[in-house]
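Peer 1: Before we start, here is the structure in question, set down as structure tokens.
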Amino acid sequence: MGEPSPAGRFGQFGGRFVPETLVPACEDLEAEFRAAWGDPAFRAELDGILRDYGGRPSPVTECHRLSDRLGVRVLLKREDLNHTGSHKINNVIGQTLLARRMGKTRIVAETGAGQHGVATATACALFGLECKVYMGEVDVARQALNVFRMRLLGAEVEPVVSGSRTLKDAVNEAMRDWVATVETTHYCLGSVMGPHPYPWMVREFQRVIGDEARAQCLAVLGRDPDVVAACVGGGSNAAGIFSGFVGTGAELVGVEPAGGAAIGRGIPGVVHGSKSFLLQDEYGQVLEAHSISAGLDYPGVGPEHAHLASIGRARYEAVTDDEVVAAFQVLSRLEGIIPALEPAHAIAWLLRAAPGIQGRTVLVNLSGRGDKDVAQMMERLG
């Protein structure tokens, strides 16, 4: 998972499909990111904040009871233990530092499950920046706790009532805001999607997950795990952990929701500024995705995942909502860890795949904690 081409492509995927007004902004962002990423002072400040404020390094936890149940040695990379409860804080701290370096005074963001929105509101409070978060009206209702957290942190939360009123529509509104306010505003995109340089830049900010996890696995196992698994919507947590193992012999498995399996059921198309696999009809119209998890309720996928799938370096499986609910309960009861519904997708795949991978070692990226989903599960499970 190296640098994209000068045109921002990973193989045939990626690129920069944006209005003319945003081309200079994307070019400036790429130049500023390249300069910052090569600046030891920037890297040192980022590492220090992730350590002292974000709580890094996150641990790797061996799951003894789940391993005994499945016949598979299971380890979890505990991104749920980061400040704000998910992997999102890694990317947000990086982008907010970059925005400050660029002289921007305002941040806009989109969010589905609310984890990226909470992380963005947190970073803006930390650095004293104005913050506005777009969120689909459906997600506002099912993630009310995170909406309150964002407002408590000082962010303005704008419910989006267009389209399916979920993540896709929130991205549309955030990009419209950015077009109109680009002189003072940075768009803090939450996943490895969007126009170049976002997919590359967000993956680099999330690379810390994979780098840490590989060193921790070598310490615990004395070798790399046989399989590395992570959920995939846009795919930022998967890109982060895959980046540490793409050069090894570990099998890489991305797990999509059955109702939003962009790689499993999509075809190449352009959405939100880049070319990737996308759910669309015969006329090229974007189809609505569905997932029990607001964070994976998205019809596309990051372009680097499309590339990894097309060259066979990673494979992508889909799980149903019912399988996810079962996994949510199994991990809670066997390990005392309540996962967010997003990484519960990766656990669901593991439960299904276990009979065929007996005796192997699987590392799962637990990208977020389940507090935000408890009310939703209470309604479903009674």
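We name chains A, B, ... following the order of the structure tokens; residues begin at 1 in each chain, and ligands are numbered from 1 as shown.
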Ser367 of chain A: which residues within 7 Å, counting only C-alpha atoms, same-chain residues fewer than 2 positions away excluded, as an NGL selection string?
Peer 2: :A and (78-80 or 86-87 or 237 or 343 or 365)
Peer 1: Would you save the residues of that selection, restricted to N, CA, C and O atoms, as a tab-separated table (two decimals), in the first residue's frame?
Peer 2:
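Below is the file that was written, selection-v8.tsv:
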chain	number	residue	atom	x	y	z
A	78	ARG	N	-7.23	-3.20	19.73
A	78	ARG	CA	-8.25	-2.52	20.53
A	78	ARG	C	-8.34	-1.02	20.23
A	78	ARG	O	-8.09	-0.17	21.11
A	79	GLU	N	-8.77	-0.67	19.03
A	79	GLU	CA	-9.00	0.74	18.70
A	79	GLU	C	-10.20	1.31	19.46
A	79	GLU	O	-10.37	2.52	19.54
A	80	ASP	N	-11.01	0.41	20.04
A	80	ASP	CA	-12.15	0.88	20.84
A	80	ASP	C	-11.68	1.57	22.12
A	80	ASP	O	-12.46	2.30	22.75
A	86	SER	N	-12.98	5.13	19.25
A	86	SER	CA	-12.83	4.48	17.95
A	86	SER	C	-11.50	4.87	17.32
A	86	SER	O	-10.79	5.75	17.81
A	87	HIS	N	-11.23	4.24	16.16
A	87	HIS	CA	-10.00	4.56	15.41
A	87	HIS	C	-10.07	5.94	14.78
A	87	HIS	O	-9.06	6.45	14.33
A	237	ASN	N	-10.55	1.95	8.75
A	237	ASN	CA	-9.88	1.11	9.76
A	237	ASN	C	-9.22	-0.08	9.10
A	237	ASN	O	-8.13	-0.50	9.51
A	343	PRO	N	-17.32	-3.09	13.75
A	343	PRO	CA	-16.39	-4.23	13.85
A	343	PRO	C	-17.08	-5.55	14.18
A	343	PRO	O	-16.48	-6.62	13.97
A	365	ASN	N	-9.45	-6.19	13.72
A	365	ASN	CA	-9.37	-4.80	14.16
A	365	ASN	C	-10.70	-4.40	14.79
A	365	ASN	O	-11.71	-4.27	14.10
Peer 1: Would you kindly return, as JSON, numbers by chain, each protein, DNA or RNA residue with an atom no farther than 9 Å from any atom of Ser236 of chain A, considering only C-alpha atoms and excluding same-chain residues fewer than 3 positions away?
Peer 2: {"A": [87, 88, 91, 190, 191, 192, 193, 199, 202, 203, 206, 232, 233, 239, 240, 241, 302]}
Peer 1: Give me every helix (DSSP H, G or I) residue in segment 89-237 of chain A, going by DSSP on the backbone, as number ranges by chain.
Peer 2: A: 89-101, 115-127, 137-142, 144-152, 167-181, 198-221, 236-237
Peer 1: List the spatial neighbours of Thr320 of chain A as a list of chain:residue names - criterion: any atom at most 8 Å away, only C-alpha atoms, same-chain residues fewer than 3 positions off excluded.
Peer 2: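 Counting only C-alpha atoms, the residues come to A:Pro257, A:Ala258, A:Gly259, A:Glu323, A:Val324.
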Peer 1: Export, as an mmCIF file, in the first residue's frame, the selected residues with all heavy atoms.
Peer 2:
data_model
loop_
_atom_site.group_PDB
_atom_site.id
_atom_site.type_symbol
_atom_site.label_atom_id
_atom_site.label_comp_id
_atom_site.auth_asym_id
_atom_site.auth_seq_id
_atom_site.Cartn_x
_atom_site.Cartn_y
_atom_site.Cartn_z
ATOM 1 N N PRO A 257 -21.148 -5.077 4.865
ATOM 2 C CA PRO A 257 -22.541 -5.449 5.152
ATOM 3 C C PRO A 257 -23.201 -5.993 3.892
ATOM 4 O O PRO A 257 -22.943 -5.490 2.793
ATOM 5 C CB PRO A 257 -23.170 -4.119 5.583
ATOM 6 C CG PRO A 257 -22.359 -3.074 4.902
ATOM 7 C CD PRO A 257 -20.953 -3.616 4.826
ATOM 8 N N ALA A 258 -24.048 -7.014 4.034
ATOM 9 C CA ALA A 258 -24.678 -7.615 2.859
ATOM 10 C C ALA A 258 -25.493 -6.584 2.070
ATOM 11 O O ALA A 258 -25.561 -6.643 0.846
ATOM 12 C CB ALA A 258 -25.563 -8.782 3.295
ATOM 13 N N GLY A 259 -26.082 -5.618 2.784
ATOM 14 C CA GLY A 259 -26.897 -4.616 2.102
ATOM 15 C C GLY A 259 -26.111 -3.440 1.558
ATOM 16 O O GLY A 259 -26.688 -2.522 0.973
ATOM 17 N N GLU A 323 -26.389 -11.927 11.398
ATOM 18 C CA GLU A 323 -25.080 -12.445 11.809
ATOM 19 C C GLU A 323 -24.345 -11.415 12.679
ATOM 20 O O GLU A 323 -23.647 -11.780 13.632
ATOM 21 C CB GLU A 323 -24.235 -12.789 10.584
ATOM 22 C CG GLU A 323 -24.708 -14.014 9.808
ATOM 23 C CD GLU A 323 -23.847 -14.252 8.578
ATOM 24 O OE1 GLU A 323 -23.819 -13.363 7.698
ATOM 25 O OE2 GLU A 323 -23.193 -15.305 8.497
ATOM 26 N N VAL A 324 -24.496 -10.145 12.343
ATOM 27 C CA VAL A 324 -23.831 -9.082 13.107
ATOM 28 C C VAL A 324 -24.407 -9.003 14.528
ATOM 29 O O VAL A 324 -23.661 -8.856 15.507
ATOM 30 C CB VAL A 324 -23.982 -7.731 12.377
ATOM 31 C CG1 VAL A 324 -23.485 -6.583 13.248
ATOM 32 C CG2 VAL A 324 -23.232 -7.768 11.058
#
Peer 1: Which polymer residues have any atom within 9 Å of an atom of Phe33 of chain A, counting only C-alpha atoms, with same-chain residues fewer than 6 positions away left out, as an MDAnalysis selection string?
Peer 2: chainID A and resid 95 98 197 201
Peer 1: Please provide as a compact mmCIF listing (two decimals) with N, CA and C atoms, in the first residue's frame all residues within 12 Å of Asp68 of chain A, with the sequence filter that same-chain residues fewer than 4 positions apart are discarded (counting only C-alpha atoms).
Peer 2:
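Full text of out-v4.txt as output:
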# COMPACT_ATOMS: atom_id res chain seq x y z
N GLU A 62 -5.68 -10.86 23.54
CA GLU A 62 -5.92 -12.24 23.13
C GLU A 62 -7.25 -12.71 23.73
N CYS A 63 -8.10 -13.30 22.92
CA CYS A 63 -9.44 -13.70 23.35
C CYS A 63 -9.45 -15.21 23.62
N HIS A 64 -9.19 -15.59 24.86
CA HIS A 64 -9.03 -17.01 25.18
C HIS A 64 -10.34 -17.78 25.07
N VAL A 72 -9.96 -21.35 16.84
CA VAL A 72 -9.13 -20.38 16.12
C VAL A 72 -8.53 -19.45 17.15
N ARG A 73 -7.23 -19.16 17.04
CA ARG A 73 -6.62 -18.23 17.98
C ARG A 73 -6.97 -16.81 17.55
N VAL A 74 -7.69 -16.08 18.42
CA VAL A 74 -8.23 -14.77 18.06
C VAL A 74 -7.57 -13.67 18.88
N LEU A 334 -18.68 -13.63 25.82
CA LEU A 334 -17.49 -14.48 26.00
C LEU A 334 -16.27 -13.71 26.44
N GLU A 335 -16.17 -12.42 26.07
CA GLU A 335 -14.94 -11.68 26.36
C GLU A 335 -15.17 -10.42 27.19
N ALA A 354 -14.88 -19.83 10.95
CA ALA A 354 -14.06 -20.61 11.89
C ALA A 354 -13.94 -22.09 11.54
N GLN A 358 -9.58 -23.83 11.17
CA GLN A 358 -9.21 -24.37 12.47
C GLN A 358 -7.69 -24.33 12.68
N GLY A 359 -7.30 -23.92 13.88
CA GLY A 359 -5.88 -23.90 14.25
C GLY A 359 -5.11 -22.69 13.76
